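Structure file run21.txt with compact mmCIF, C-alpha atoms:
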# COMPACT_ATOMS: atom_id res chain seq x y z
CA MET A 1 27.66 105.27 -27.88
CA SER A 2 30.83 107.25 -27.06
CA ALA A 3 32.05 107.76 -23.50
CA GLN A 4 31.47 111.52 -23.79
CA ARG A 5 27.94 110.96 -25.09
CA ASN A 6 27.18 108.57 -22.20
CA SER A 7 28.35 111.24 -19.75
CA GLU A 8 26.11 113.84 -21.38
CA VAL A 9 23.12 111.49 -21.21
CA ALA A 10 23.76 110.81 -17.51
CA ALA A 11 24.14 114.54 -16.80
CA ASN A 12 20.91 115.32 -18.63
CA LEU A 13 18.98 112.59 -16.78
CA PHE A 14 20.11 114.03 -13.45
CA PHE A 15 19.39 117.57 -14.64
CA GLU A 16 15.86 116.65 -15.75
CA ALA A 17 15.22 114.96 -12.39
CA THR A 18 16.34 118.13 -10.62
CA ARG A 19 14.23 120.31 -12.92
CA SER A 20 11.22 118.09 -12.26
CA ALA A 21 11.74 118.36 -8.48
CA THR A 22 12.03 122.16 -8.49
CA SER A 23 8.93 122.43 -10.69
CA CYS A 24 6.94 121.16 -7.71
CA ILE A 25 7.26 124.58 -6.02
CA THR A 26 8.42 127.21 -8.52
CA ARG A 27 7.91 128.18 -12.14
CA GLU A 28 11.51 129.37 -12.40
CA HIS A 29 13.59 126.87 -14.35
CA VAL A 30 17.01 125.62 -13.33
CA ASP A 31 19.78 125.66 -15.91
CA LEU A 32 22.73 123.35 -16.52
CA THR A 33 26.29 124.25 -17.38
CA LEU A 34 29.41 122.18 -17.95
CA ASP A 35 32.36 123.41 -15.90
CA THR A 36 34.81 124.07 -18.72
CA PHE A 37 37.69 124.58 -16.29
CA ALA A 38 37.40 121.11 -14.81
CA VAL A 39 39.30 118.18 -16.23
CA ASP A 40 36.47 115.81 -15.38
CA ASN A 41 32.77 115.75 -16.25
CA THR A 42 31.67 118.39 -13.73
CA TYR A 43 28.35 120.19 -14.18
CA THR A 44 26.46 122.83 -12.23
CA ILE A 45 22.68 123.15 -11.92
CA PHE A 46 21.48 126.60 -10.89
CA PHE A 47 18.73 129.21 -11.02
CA HIS A 48 19.58 132.40 -12.91
CA ARG A 49 17.46 134.14 -10.29
CA PRO A 50 15.77 132.66 -7.22
CA GLY A 51 12.42 131.01 -7.88
CA SER A 52 9.33 132.59 -6.37
CA LEU A 53 7.39 130.38 -3.96
CA HIS A 54 3.60 130.55 -3.54
CA SER A 55 1.68 130.58 -0.29
CA ALA A 56 -1.01 128.04 0.54
CA SER A 57 -3.60 130.71 -0.35
CA GLY A 58 -2.23 130.72 -3.90
CA GLY A 59 -0.54 134.11 -4.04
CA PRO A 60 3.13 134.95 -3.72
CA SER A 61 4.63 134.03 -0.36
CA GLY A 62 7.40 136.62 -0.56
CA LEU A 63 9.89 133.77 -0.25
CA PHE A 64 12.24 132.47 -2.93
CA LEU A 65 14.30 129.33 -3.49
CA ASP A 66 17.83 129.55 -4.86
CA VAL A 67 19.77 126.44 -5.82
CA VAL A 68 23.35 125.74 -6.87
CA LEU A 69 24.28 122.08 -7.19
CA THR A 70 27.54 120.82 -8.67
CA PHE A 71 27.94 117.20 -9.68
CA GLU A 72 30.36 115.00 -11.54
CA VAL A 73 29.62 112.17 -13.93
CA LEU A 74 31.87 109.29 -12.89
CA ILE A 75 32.84 106.60 -15.35
CA ALA A 76 32.49 103.03 -14.10
CA LYS A 77 35.21 100.47 -14.72
CA GLU A 78 33.22 98.91 -17.54
CA LYS A 79 33.30 102.33 -19.28
CA ARG A 80 29.64 102.00 -20.19
CA GLU A 81 27.89 102.93 -16.97
CA ARG A 82 27.88 106.41 -15.51
CA ARG A 83 27.34 107.45 -11.91
CA ILE A 84 26.43 110.86 -10.49
CA ALA A 85 28.46 112.20 -7.57
CA ILE A 86 27.33 115.40 -5.86
CA ARG A 87 30.36 117.66 -5.32
CA MET A 88 28.74 120.76 -3.78
CA TYR A 89 25.29 122.13 -2.99
CA GLU A 90 23.73 125.31 -1.70
CA TYR A 91 19.96 125.53 -1.16
CA ARG A 92 18.88 128.98 0.00
CA ILE A 93 15.53 130.34 1.16
CA VAL A 94 15.61 134.10 0.72
CA ASP A 95 13.13 136.94 1.07
CA TYR A 96 12.19 139.70 -1.37
CA HIS A 97 15.47 141.57 -0.66
CA GLN A 98 17.54 138.37 -1.11
CA THR A 99 18.19 138.20 2.63
CA GLU A 100 19.07 134.62 3.49
CA LEU A 101 16.61 133.04 5.92
CA LEU A 102 17.79 129.46 5.76
CA VAL A 103 20.74 127.98 3.86
CA TYR A 104 21.78 124.36 3.53
CA HIS A 105 25.42 124.13 2.39
CA TRP A 106 27.87 121.48 1.50
CA GLN A 107 30.93 123.13 0.04
CA PRO A 108 33.95 120.91 0.61
CA GLY A 109 37.47 121.81 -0.38
CA SER A 110 39.82 124.75 -0.34
CA CYS A 111 37.73 126.79 -2.80
CA PHE A 112 35.16 127.50 -0.07
CA ALA A 113 35.37 129.11 3.35
CA GLY A 114 33.86 127.20 6.23
CA PRO A 115 33.75 123.55 7.20
CA ASP A 116 33.82 120.67 4.72
CA VAL A 117 30.79 118.99 6.34
CA PRO A 118 27.17 119.60 5.26
CA HIS A 119 25.66 122.29 7.44
CA LEU A 120 22.84 124.77 7.92
CA HIS A 121 22.74 128.53 8.49
CA VAL A 122 19.68 130.07 10.13
CA SER A 123 19.20 133.84 9.99
CA ALA A 124 18.16 134.31 13.58
CA ALA A 125 19.48 134.96 17.03
CA LEU A 126 18.49 133.33 20.29
CA GLN A 127 18.49 134.78 23.77
CA ALA A 128 19.48 131.89 26.03
CA GLN A 129 18.81 132.24 29.76
CA ILE A 130 22.14 130.99 31.15
CA ASP A 131 21.43 131.58 34.83
CA ALA A 132 18.83 133.34 36.99
CA VAL A 133 19.74 136.82 35.74
CA SER A 134 21.97 136.49 32.67
CA ARG A 135 21.16 136.03 29.03
CA LEU A 136 23.47 134.99 26.22
CA ARG A 137 22.79 136.07 22.63
CA ILE A 138 23.54 133.26 20.17
CA GLU A 139 23.88 134.39 16.55
CA LEU A 140 22.68 131.34 14.60
CA ASP A 141 23.58 132.84 11.23
CA LYS A 142 27.26 132.81 12.25
CA LEU A 143 27.19 129.13 13.21
CA HIS A 144 27.63 126.08 10.98
CA LEU A 145 24.93 123.69 12.26
CA VAL A 146 25.97 120.23 11.07
CA THR A 147 23.19 118.40 9.21
CA GLY A 148 24.50 115.47 7.23
CA MET A 149 23.75 115.40 3.49
CA VAL A 150 20.43 117.04 2.55
CA SER A 151 18.81 116.28 -0.78
CA LEU A 152 17.11 119.02 -2.76
CA GLN A 153 13.97 116.89 -2.66
CA ALA A 154 14.05 116.82 1.16
CA MET A 155 14.36 120.61 1.18
CA ILE A 156 11.39 120.97 -1.21
CA ARG A 157 9.33 118.50 0.84
CA MET A 158 10.07 120.54 3.99
CA LEU A 159 9.00 123.77 2.27
CA ILE A 160 5.65 122.24 1.32
CA THR A 161 4.89 120.45 4.58
CA GLU A 162 6.46 122.75 7.19
CA TRP A 163 6.57 126.20 5.58
CA LYS A 164 3.17 125.71 3.89
CA ILE A 165 4.50 126.58 0.43
CA ALA A 166 1.87 125.68 -2.16
CA PRO A 167 2.87 122.77 -4.40
CA LEU A 168 2.47 123.54 -8.10
CA ARG A 169 2.12 119.88 -9.08
CA HIS A 170 -0.68 117.68 -7.71
CA ASN A 171 1.63 114.65 -7.79
CA TRP A 172 4.52 116.39 -6.01
CA ARG A 173 4.98 113.52 -3.52
CA ASP A 174 5.49 111.02 -6.34
CA ILE A 175 7.80 113.37 -8.25
CA LEU A 176 9.98 114.01 -5.20
CA ALA A 177 10.11 110.31 -4.29
CA ARG A 178 11.02 109.29 -7.85
CA THR A 179 13.66 111.97 -8.37
CA GLU A 180 15.14 111.46 -4.91
CA ALA A 181 15.46 107.72 -5.57
CA LEU A 182 17.19 108.48 -8.86
CA SER A 183 19.59 110.84 -7.10
CA ALA A 184 20.31 108.35 -4.33
CA ASN A 185 20.77 105.36 -6.61
CA ASP A 186 23.03 106.92 -9.22
CA VAL A 187 22.18 107.47 -12.85
CA HIS A 188 22.84 104.70 -15.35
CA PRO A 189 22.02 105.70 -18.92
Here is the file; what I need is its structure written in the form of structure tokens.
Amino acid sequence: MSAQRNSEVAANLFFEATRSATSCITREHVDLTLDTFAVDNTYTIFFHRPGSLHSASGGPSGLFLDVVLTFEVLIAKEKRERRIAIRMYEYRIVDYHQTELLVYHWQPGSCFAGPDVPHLHVSAALQAQIDAVSRLRIELDKLHLVTGMVSLQAMIRMLITEWKIAPLRHNWRDILARTEALSANDVHP
């Protein structure tokens, strides 16, 4: 099998794992594109439009998931194995008007504004009581709250367990565990 074909197989395995994970909470399908401007094997997984999420009662929740995930297929020294390296991600929870409620980012490099570390944006403000009479407004959406790397599967798991988004697959726990393990352990076609 050619080196290019091996890279395509690895990219498709990772893409299918991502598609399987997102199918746990939305009927919207992610798509895959090869970055034709890159000199390496860089791909992007994305939704054409954010995926609608369902409430625990079964109807629309009014919330949507948007995903952009860029990865590279790395060629091992033996030239036969391929490894997936995440290069950028953005997982957004938005409302009906596409207002961002929660955004996990990792956008390293000069192409992006902001810090190179994985971080979170929360669309909220806090009123901190800083002394007996004074309050300080803290705009969380303007802050980059450092998180460490966050997998898409962890985000989906949080939406189901904490936000009470209805899972669309009865075996969602198994799917997320399997696809997260694949993501964490590289892809070897």
* **Option closest in space to A:Gln98, from A:Glu139, A:Asp66, A:Asp31, A:Asp174 [counting only C-alpha atoms]** =>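 Nearest candidate to A:Gln98 out of A:Glu139, A:Asp66, A:Asp31, A:Asp174: A:Asp66.
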* Could you tell me, as a list in words, which residues have any atom at most 9 Å from (29.6, 110.6, -11.0), counting all atoms listed in the file? -> Ser7, Ala10, Ala11, Asn41, Thr42, Phe71, Glu72, Val73, Leu74, Ile75, Ala76, Arg82, Arg83, Ile84, Ala85, Ile86, Asp186 and Val187 of chain A
Only C-alpha atoms, please: the residues just picked out, written as an mmCIF file, in the coordinates of the input.
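Written output follows (again_39.cif):
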data_model
loop_
_atom_site.group_PDB
_atom_site.id
_atom_site.type_symbol
_atom_site.label_atom_id
_atom_site.label_comp_id
_atom_site.auth_asym_id
_atom_site.auth_seq_id
_atom_site.Cartn_x
_atom_site.Cartn_y
_atom_site.Cartn_z
ATOM 1 C CA SER A 7 28.350 111.240 -19.750
ATOM 2 C CA ALA A 10 23.760 110.810 -17.510
ATOM 3 C CA ALA A 11 24.140 114.540 -16.800
ATOM 4 C CA ASN A 41 32.770 115.750 -16.250
ATOM 5 C CA THR A 42 31.670 118.390 -13.730
ATOM 6 C CA PHE A 71 27.940 117.200 -9.680
ATOM 7 C CA GLU A 72 30.360 115.000 -11.540
ATOM 8 C CA VAL A 73 29.620 112.170 -13.930
ATOM 9 C CA LEU A 74 31.870 109.290 -12.890
ATOM 10 C CA ILE A 75 32.840 106.600 -15.350
ATOM 11 C CA ALA A 76 32.490 103.030 -14.100
ATOM 12 C CA ARG A 82 27.880 106.410 -15.510
ATOM 13 C CA ARG A 83 27.340 107.450 -11.910
ATOM 14 C CA ILE A 84 26.430 110.860 -10.490
ATOM 15 C CA ALA A 85 28.460 112.200 -7.570
ATOM 16 C CA ILE A 86 27.330 115.400 -5.860
ATOM 17 C CA ASP A 186 23.030 106.920 -9.220
ATOM 18 C CA VAL A 187 22.180 107.470 -12.850
#
Given 4 Å of margin on each side, can you work out the centre and size in Å (one decimal) of an axis-aligned box holding every listed atom of stretch 126-140 of chain A, as JSON?
{"center_x": 21.2, "center_y": 133.9, "center_z": 25.8, "size_x": 13.4, "size_y": 13.8, "size_z": 30.4}
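Considering the residues A:Asp116, A:Glu8, A:Glu162, A:Asp131 and counting all atoms listed in the file, A:Val146 has its shortest atom-to-atom contact with A:Asp116.
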* Could you pull the residues within 10 Å of A:Leu143, counting only C-alpha atoms, minus those fewer than 2 positions along the same chain, as a VMD selection string? -> chain A and resid 114 119 to 123 138 to 141 145 to 146
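In this comparison, which uses all atoms listed in the file, the residue of A:Asn6, A:Gln127, A:Thr99, A:Thr44 approaching A:Glu81 most closely is A:Asn6.
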With only C-alpha atoms counted and 12 Å as the cut-off, give the residues of stretch 101-135 of chain A in contact with stretch 57-64 of chain A, each with its shortest interatomic distance in Å and the pair that gives it, as JSON lines.
{"residue": "A:Leu101", "atom": "CA", "partner": "A:Leu63", "partner_atom": "CA", "distance": 9.2}
{"residue": "A:Leu102", "atom": "CA", "partner": "A:Phe64", "partner_atom": "CA", "distance": 10.7}
{"residue": "A:Val103", "atom": "CA", "partner": "A:Phe64", "partner_atom": "CA", "distance": 11.8}
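Atom CA of A:Val150 to atom CA of A:Val9 spans 24.5 Å [interatomic distance, one decimal].
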* To do: Mind giving me the straight-line distance from atom CA of A:Tyr89 to atom CA of A:Trp106 in Å, one decimal?
  =>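 Result for atom CA of A:Tyr89 versus atom CA of A:Trp106: 5.2 Å, one decimal.
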* Asked: Can you tell me how far atom CA of A:Leu13 sits from atom CA of A:Arg87, in Å to one decimal?
  ->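 Atom CA of A:Leu13 sits 16.9 Å away from atom CA of A:Arg87.
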* Asked: Which polymer residues have any atom within 9 Å of an atom of A:Met155, counting all atoms listed in the file, with same-chain residues fewer than 4 positions away left out, as a list in words?
  ->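 In the requested format, the answer is Tyr91, Tyr104, Val150, Ser151, Leu159 and Ile160 of chain A.
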Same residues, C-alpha atoms, output as a compact mmCIF listing (two decimals), in the frame of the given file:
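So the final result, stored in result27.txt, reads:
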# COMPACT_ATOMS: atom_id res chain seq x y z
CA TYR A 91 19.96 125.53 -1.16
CA TYR A 104 21.78 124.36 3.53
CA VAL A 150 20.43 117.04 2.55
CA SER A 151 18.81 116.28 -0.78
CA LEU A 159 9.00 123.77 2.27
CA ILE A 160 5.65 122.24 1.32
* Please provide as a count of residues only all residues within 9 Å of stretch 46-54 of chain A, with the sequence filter that same-chain residues fewer than 6 positions apart are discarded (counting all atoms listed in the file). => 30
* **Neighbour list for stretch 177-181 of chain A as a list of chain:residue names, cut-off 7 Å, only C-alpha atoms, skip fewer than 4 positions in-chain** =>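 My reading of the contact set: A:Ala17, A:Ala21, A:Gln153, A:Arg173, A:Asn185.
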* Asked: Which residue out of A:Phe112, A:Leu152, A:Thr161, A:Gln107 has the minimum interatomic distance to A:Leu176 when only C-alpha atoms are used?
  -> A:Leu152
